[in-house]
$ cat data01.cif   # mmCIF, C-alpha atoms
data_my_file
#
loop_
_atom_site.label_atom_id
_atom_site.label_comp_id
_atom_site.auth_asym_id
_atom_site.auth_seq_id
_atom_site.Cartn_x
_atom_site.Cartn_y
_atom_site.Cartn_z
CA MET A 430 22.34 -13.70 68.23
CA GLY A 431 20.21 -13.56 71.36
CA VAL A 432 22.75 -11.28 73.03
CA LEU A 433 22.62 -8.84 70.14
CA ILE A 434 18.83 -8.85 70.15
CA ALA A 435 18.83 -8.25 73.91
CA CYS A 436 21.26 -5.34 73.66
CA LEU A 437 19.31 -3.69 70.86
CA MET A 438 16.03 -4.18 72.71
CA ALA A 439 17.49 -2.64 75.87
CA VAL A 440 18.76 0.41 73.97
CA LEU A 441 15.40 0.86 72.23
CA MET A 442 13.47 0.39 75.48
CA ASP A 443 15.70 2.94 77.21
CA SER A 444 15.32 5.43 74.37
CA LEU A 445 11.57 5.02 73.84
CA SER A 446 9.61 4.95 77.08
CA TRP A 447 6.39 3.93 75.28
CA LEU A 448 8.19 0.86 73.91
CA ASN A 449 9.45 0.02 77.39
CA ASP A 450 5.91 0.36 78.78
CA LEU A 451 4.63 -1.94 76.03
CA ILE A 452 7.29 -4.66 75.98
CA TYR A 453 8.50 -4.92 79.58
CA PRO A 454 5.24 -6.33 81.03
CA MET A 455 5.04 -8.89 78.20
CA MET A 456 8.63 -9.95 78.88
CA VAL A 457 7.86 -10.43 82.56
CA VAL A 458 4.83 -12.59 81.75
CA ILE A 459 6.78 -14.71 79.26
CA GLN A 460 9.60 -15.15 81.78
CA THR A 461 7.18 -16.47 84.41
CA ILE A 462 5.96 -19.29 82.14
CA PRO A 463 8.03 -22.44 82.75
CA THR A 464 10.33 -23.41 79.89
CA ILE A 465 8.89 -26.90 79.88
CA ALA A 466 5.45 -25.42 79.15
CA ILE A 467 6.62 -23.17 76.30
CA ALA A 468 8.65 -25.82 74.49
CA PRO A 469 5.73 -28.02 73.31
CA ILE A 470 3.88 -24.96 72.02
CA LEU A 471 6.92 -23.91 70.01
CA VAL A 472 7.25 -27.44 68.61
CA LEU A 473 3.60 -27.30 67.50
CA TRP A 474 4.09 -23.91 65.86
CA LEU A 475 7.57 -24.36 64.41
CA GLY A 476 7.99 -28.10 63.92
CA TYR A 477 10.54 -30.57 65.25
CA GLY A 478 13.62 -28.94 63.75
CA ILE A 479 16.16 -26.73 65.41
CA LEU A 480 14.08 -23.53 65.05
CA PRO A 481 11.87 -24.07 68.14
CA LYS A 482 15.00 -24.77 70.21
CA ILE A 483 16.65 -21.56 69.04
CA VAL A 484 13.50 -19.54 69.71
CA LEU A 485 13.17 -21.06 73.19
CA ILE A 486 16.80 -20.30 74.02
CA ILE A 487 16.41 -16.71 72.80
CA LEU A 488 13.21 -16.30 74.85
CA THR A 489 14.88 -17.50 78.04
CA THR A 490 18.23 -15.78 77.62
CA THR A 491 17.26 -12.30 76.44
CA PHE A 492 15.26 -11.34 79.53
CA PRO A 493 18.15 -11.33 82.05
CA ILE A 494 20.35 -9.39 79.66
CA ILE A 495 17.71 -6.77 78.85
CA VAL A 496 16.82 -6.27 82.51
CA SER A 497 20.49 -6.00 83.49
CA ILE A 498 21.31 -3.46 80.79
CA LEU A 499 18.23 -1.38 81.62
CA ASP A 500 19.27 -1.47 85.26
CA GLY A 501 22.73 -0.26 84.26
CA PHE A 502 21.22 2.57 82.22
CA ARG A 503 19.07 3.60 85.16
CA HIS A 504 22.10 3.70 87.46
CA CYS A 505 23.82 6.32 85.32
CA ASP A 506 24.84 9.38 87.30
CA LYS A 507 22.26 12.12 86.68
CA ASP A 508 24.90 14.84 87.03
CA MET A 509 26.97 13.25 84.27
CA LEU A 510 23.90 13.07 82.04
CA THR A 511 23.32 16.78 82.72
CA LEU A 512 26.96 17.48 81.88
CA PHE A 513 26.67 15.63 78.58
CA SER A 514 23.51 17.60 77.78
CA LEU A 515 25.21 20.89 78.63
CA MET A 516 28.05 19.91 76.31
CA ARG A 517 25.38 19.41 73.61
CA ALA A 518 26.06 15.71 73.18
CA ASN A 519 23.48 13.98 71.06
CA PRO A 520 21.70 10.85 72.33
CA TRP A 521 24.07 8.53 70.44
CA GLN A 522 27.12 10.20 71.97
CA ILE A 523 25.61 9.91 75.43
CA LEU A 524 24.85 6.25 74.79
CA TRP A 525 28.27 5.39 73.35
CA HIS A 526 30.51 7.42 75.65
CA PHE A 527 28.60 7.21 78.91
CA LYS A 528 25.66 4.81 79.18
CA ILE A 529 27.27 1.77 77.58
CA PRO A 530 30.48 1.92 79.65
CA VAL A 531 28.45 2.38 82.85
CA SER A 532 26.14 -0.51 82.00
CA LEU A 533 28.84 -3.04 80.99
CA PRO A 534 29.17 -4.61 84.47
CA TYR A 535 25.39 -4.98 84.58
CA PHE A 536 25.42 -6.52 81.10
CA TYR A 537 27.97 -9.12 82.18
CA ALA A 538 25.92 -9.99 85.26
CA GLY A 539 22.92 -10.67 83.03
CA LEU A 540 25.09 -12.57 80.55
CA ARG A 541 26.32 -14.93 83.28
CA VAL A 542 22.72 -15.79 84.16
CA SER A 543 21.80 -16.17 80.49
CA VAL A 544 24.67 -18.55 79.78
CA SER A 545 23.48 -20.95 82.46
CA TYR A 546 19.87 -20.60 81.25
CA ALA A 547 20.98 -21.38 77.69
CA PHE A 548 22.35 -24.80 78.58
CA ILE A 549 19.42 -25.71 80.81
CA THR A 550 16.95 -24.61 78.13
CA THR A 551 18.79 -26.61 75.48
CA VAL A 552 18.47 -29.80 77.51
CA VAL A 553 14.78 -29.14 78.24
CA SER A 554 14.03 -28.46 74.59
CA GLU A 555 15.70 -31.73 73.64
CA TRP A 556 13.50 -33.57 76.13
CA LEU A 557 10.37 -32.38 74.41
CA GLY A 558 11.19 -32.27 70.74
CA GLY A 559 14.59 -33.64 70.00
CA PHE A 560 15.97 -36.72 68.33
CA GLU A 561 19.55 -36.31 69.50
CA GLY A 562 21.58 -34.46 72.10
CA LEU A 563 22.31 -34.71 75.80
CA GLY A 564 18.68 -34.12 76.78
CA VAL A 565 17.45 -37.00 74.64
CA TYR A 566 20.26 -39.23 75.90
CA MET A 567 19.35 -38.31 79.48
CA ILE A 568 15.69 -39.30 78.99
CA GLN A 569 16.71 -42.56 77.30
CA SER A 570 19.04 -43.33 80.21
CA LYS A 571 16.24 -42.67 82.68
CA LYS A 572 13.84 -44.95 80.82
CA LEU A 573 16.46 -47.71 80.80
CA PHE A 574 17.15 -47.22 84.53
CA GLN A 575 20.74 -46.20 83.76
CA TYR A 576 20.86 -43.66 86.53
CA ASP A 577 24.65 -43.52 86.57
CA THR A 578 24.60 -42.36 82.93
CA MET A 579 21.81 -39.91 83.66
CA PHE A 580 23.75 -38.33 86.53
CA ALA A 581 26.89 -38.24 84.40
CA ILE A 582 24.97 -36.25 81.80
CA ILE A 583 23.70 -33.87 84.49
CA ILE A 584 27.26 -33.34 85.69
CA LEU A 585 28.47 -32.83 82.11
CA VAL A 586 25.78 -30.22 81.41
CA SER A 587 26.70 -28.47 84.68
CA LEU A 588 30.39 -28.46 83.74
CA ILE A 589 29.63 -27.08 80.28
CA SER A 590 27.50 -24.37 81.89
CA LEU A 591 30.29 -23.52 84.34
CA LEU A 592 32.76 -23.36 81.45
CA GLY A 593 30.46 -20.95 79.63
CA MET A 594 30.23 -18.77 82.73
CA LYS A 595 34.03 -18.84 83.08
CA LEU A 596 34.37 -17.70 79.46
CA VAL A 597 32.05 -14.79 80.27
CA ASP A 598 34.29 -13.90 83.24
CA ILE A 599 37.40 -13.98 81.03
CA SER A 600 35.67 -11.84 78.42
CA GLU A 601 34.63 -9.37 81.09
CA LYS A 602 38.23 -8.95 82.28
CA TYR A 603 39.32 -8.06 78.74
CA VAL A 604 36.42 -5.76 77.93
CA ILE A 605 36.06 -3.96 81.28
CA LYS A 606 39.69 -3.28 82.12
CA TRP A 607 38.86 -0.58 84.68
CA LYS A 608 36.80 -2.93 86.83
CA ARG A 609 38.57 -4.67 89.68
CA THR A 610 37.37 -8.11 90.63
#
$ encode --input "data01.cif" --output "structure tokens"
Amino acid sequence: MGVLIACLMAVLMDSLSWLNDLIYPMMVVIQTIPTIAIAPILVLWLGYGILPKIVLIILTTTFPIIVSILDGFRHCDKDMLTLFSLMRANPWQILWHFKIPVSLPYFYAGLRVSVSYAFITTVVSEWLGGFEGLGVYMIQSKKLFQYDTMFAIIILVSLISLLGMKLVDISEKYVIKWKRT
């Protein structure tokens, strides 16, 4: 869901410069606030359910994807854009046939970062407002001085994050067949 929101936001921000000028500075400010500071505010506003966790994950994972896609759009060859214009391609054709393929490697770079952020953010959100999950179990282990269990959880979260990043790499190889890695 967050990936789709990020992609749509990047397309809209690329298409509408006023929207980019409005949203981009707010995104930068939100990204500079530590996750551990945002989580309690979201719990106050949205309750102790799963909604504040989802919102926090979306907040932390959309920024790298949006920035990466916008960077990919900005690295489009100007001569190719001129060629598309001379061929009377409409903005959607330019986006679909040129900008998206050019920006796919950038998208995957942002997605790799976002996948690791997602798992870290999940654990942090469980610390502050959860009743179950690895984050809660980690805090309980710390309070009970079960440091071996705590470090095992840290390693498990790291392995899950690495697995997520590997899945992104596999997906990239299937989607971007022309890219050599």
$ resolve_selection --input "data01.cif" --expression "the PyMOL selection byres ((chain A and resi 544-552) around 8)" --output "JSON, numbers by chain"
{"A": [464, 482, 485, 486, 489, 490, 540, 541, 542, 543, 553, 554, 555, 556, 562, 563, 564, 565, 586, 589, 590, 591, 593, 594]}
$ resolve_selection --input "data01.cif" --expression "the PyMOL selection byres ((chain A and resi 444) around 12)" --output "list of chain:residue names"
A:Leu437, A:Met438, A:Ala439, A:Val440, A:Leu441, A:Met442, A:Asp443, A:Leu445, A:Ser446, A:Trp447, A:Leu448, A:Asn449, A:Asp450, A:Leu499, A:Phe502, A:Arg503, A:Pro520, A:Trp521, A:Ile523, A:Leu524, A:Lys528
$ residues_around --input "data01.cif" --residues "Val531 of chain A" --least-positions-apart "6" --cutoff "12 Å" --atoms "all atoms listed in the file" --output "PyMOL selection string"
chain A and resi 497-506+509-510+523-525+537+605+607-608
$ residues_around --input "data01.cif" --residues "Gln460 of chain A" --least-positions-apart "5" --cutoff "10 Å" --atoms "only C-alpha atoms" --output "PyMOL selection string"
chain A and resi 454-455+488-493
$ closest_residue --input "data01.cif" --among "A:Ile470, A:Val432, A:Val496, A:Ala581" --to "Met456 of chain A" --atoms "only C-alpha atoms"
A:Val496
$ decode --input "data01.cif" --residues "segment 494-508 of chain A" --atoms "all heavy atoms" --output "short mmCIF file (atom, residue, chain, number, x, y, z; two decimals), in the first residue's frame"
data_model
loop_
_atom_site.label_atom_id
_atom_site.label_comp_id
_atom_site.auth_asym_id
_atom_site.auth_seq_id
_atom_site.Cartn_x
_atom_site.Cartn_y
_atom_site.Cartn_z
N ILE A 494 11.18 6.08 -1.32
CA ILE A 494 10.67 5.68 -2.64
C ILE A 494 10.34 6.92 -3.47
O ILE A 494 10.71 7.00 -4.65
CB ILE A 494 9.45 4.76 -2.49
CG1 ILE A 494 9.87 3.45 -1.82
CG2 ILE A 494 8.82 4.47 -3.85
CD1 ILE A 494 8.72 2.54 -1.45
N ILE A 495 9.66 7.88 -2.88
CA ILE A 495 9.30 9.10 -3.62
C ILE A 495 10.55 9.83 -4.09
O ILE A 495 10.66 10.22 -5.26
CB ILE A 495 8.43 10.03 -2.75
CG1 ILE A 495 7.05 9.42 -2.53
CG2 ILE A 495 8.28 11.41 -3.40
CD1 ILE A 495 6.19 10.16 -1.53
N VAL A 496 11.52 9.99 -3.20
CA VAL A 496 12.75 10.71 -3.57
C VAL A 496 13.49 9.96 -4.68
O VAL A 496 13.99 10.57 -5.63
CB VAL A 496 13.64 10.90 -2.33
CG1 VAL A 496 15.01 11.40 -2.71
CG2 VAL A 496 12.99 11.87 -1.37
N SER A 497 13.53 8.64 -4.59
CA SER A 497 14.23 7.85 -5.61
C SER A 497 13.55 7.95 -6.97
O SER A 497 14.22 8.11 -7.99
CB SER A 497 14.31 6.39 -5.18
OG SER A 497 15.05 6.25 -4.00
N ILE A 498 12.23 7.85 -6.98
CA ILE A 498 11.51 7.95 -8.25
C ILE A 498 11.66 9.34 -8.85
O ILE A 498 11.91 9.49 -10.06
CB ILE A 498 10.02 7.59 -8.07
CG1 ILE A 498 9.87 6.11 -7.71
CG2 ILE A 498 9.23 7.90 -9.33
CD1 ILE A 498 8.46 5.70 -7.34
N LEU A 499 11.53 10.37 -8.02
CA LEU A 499 11.72 11.74 -8.53
C LEU A 499 13.12 11.93 -9.09
O LEU A 499 13.32 12.59 -10.11
CB LEU A 499 11.44 12.76 -7.42
CG LEU A 499 9.97 12.95 -7.03
CD1 LEU A 499 9.85 13.86 -5.81
CD2 LEU A 499 9.17 13.50 -8.20
N ASP A 500 14.11 11.34 -8.43
CA ASP A 500 15.48 11.40 -8.92
C ASP A 500 15.59 10.70 -10.28
O ASP A 500 16.25 11.19 -11.20
CB ASP A 500 16.43 10.77 -7.91
CG ASP A 500 17.87 11.17 -8.13
OD1 ASP A 500 18.12 12.30 -8.59
OD2 ASP A 500 18.76 10.34 -7.84
N GLY A 501 14.92 9.56 -10.41
CA GLY A 501 14.91 8.87 -11.70
C GLY A 501 14.25 9.69 -12.79
O GLY A 501 14.74 9.77 -13.92
N PHE A 502 13.14 10.35 -12.46
CA PHE A 502 12.47 11.21 -13.44
C PHE A 502 13.38 12.36 -13.86
O PHE A 502 13.39 12.77 -15.01
CB PHE A 502 11.17 11.76 -12.87
CG PHE A 502 10.05 10.77 -12.75
CD1 PHE A 502 8.96 11.05 -11.95
CD2 PHE A 502 10.07 9.56 -13.44
CE1 PHE A 502 7.91 10.15 -11.83
CE2 PHE A 502 9.03 8.66 -13.33
CZ PHE A 502 7.94 8.95 -12.52
N ARG A 503 14.12 12.89 -12.92
CA ARG A 503 14.99 14.04 -13.23
C ARG A 503 16.23 13.63 -14.03
O ARG A 503 16.89 14.48 -14.62
CB ARG A 503 15.38 14.75 -11.94
CG ARG A 503 14.19 15.46 -11.34
CD ARG A 503 14.51 16.27 -10.11
NE ARG A 503 13.28 16.85 -9.58
CZ ARG A 503 12.76 16.55 -8.39
NH1 ARG A 503 13.40 15.72 -7.59
NH2 ARG A 503 11.63 17.09 -8.00
N HIS A 504 16.55 12.34 -14.03
CA HIS A 504 17.70 11.86 -14.79
C HIS A 504 17.31 11.38 -16.19
O HIS A 504 18.11 10.76 -16.87
CB HIS A 504 18.41 10.74 -14.03
CG HIS A 504 19.34 11.25 -12.99
ND1 HIS A 504 18.93 11.52 -11.71
CD2 HIS A 504 20.65 11.58 -13.04
CE1 HIS A 504 19.95 11.97 -11.00
NE2 HIS A 504 21.00 12.03 -11.78
N CYS A 505 16.08 11.67 -16.59
CA CYS A 505 15.66 11.32 -17.94
C CYS A 505 16.40 12.19 -18.95
O CYS A 505 16.60 13.39 -18.72
CB CYS A 505 14.15 11.53 -18.10
SG CYS A 505 13.16 10.31 -17.24
N ASP A 506 16.80 11.57 -20.03
CA ASP A 506 17.54 12.27 -21.08
C ASP A 506 16.66 13.35 -21.71
O ASP A 506 15.56 13.07 -22.19
CB ASP A 506 17.98 11.25 -22.14
CG ASP A 506 18.84 11.85 -23.23
OD1 ASP A 506 19.29 13.00 -23.08
OD2 ASP A 506 19.06 11.16 -24.24
N LYS A 507 17.13 14.58 -21.68
CA LYS A 507 16.35 15.72 -22.20
C LYS A 507 16.10 15.58 -23.71
O LYS A 507 15.05 15.97 -24.21
CB LYS A 507 17.07 17.04 -21.92
CG LYS A 507 17.34 17.30 -20.45
CD LYS A 507 16.08 17.41 -19.64
CE LYS A 507 16.41 17.68 -18.19
NZ LYS A 507 15.38 17.26 -17.28
N ASP A 508 17.07 15.03 -24.42
CA ASP A 508 16.89 14.85 -25.87
C ASP A 508 15.77 13.85 -26.16
O ASP A 508 15.01 14.03 -27.11
CB ASP A 508 18.19 14.38 -26.52
CG ASP A 508 19.28 15.45 -26.48
OD1 ASP A 508 18.93 16.64 -26.41
OD2 ASP A 508 20.47 15.08 -26.52
#
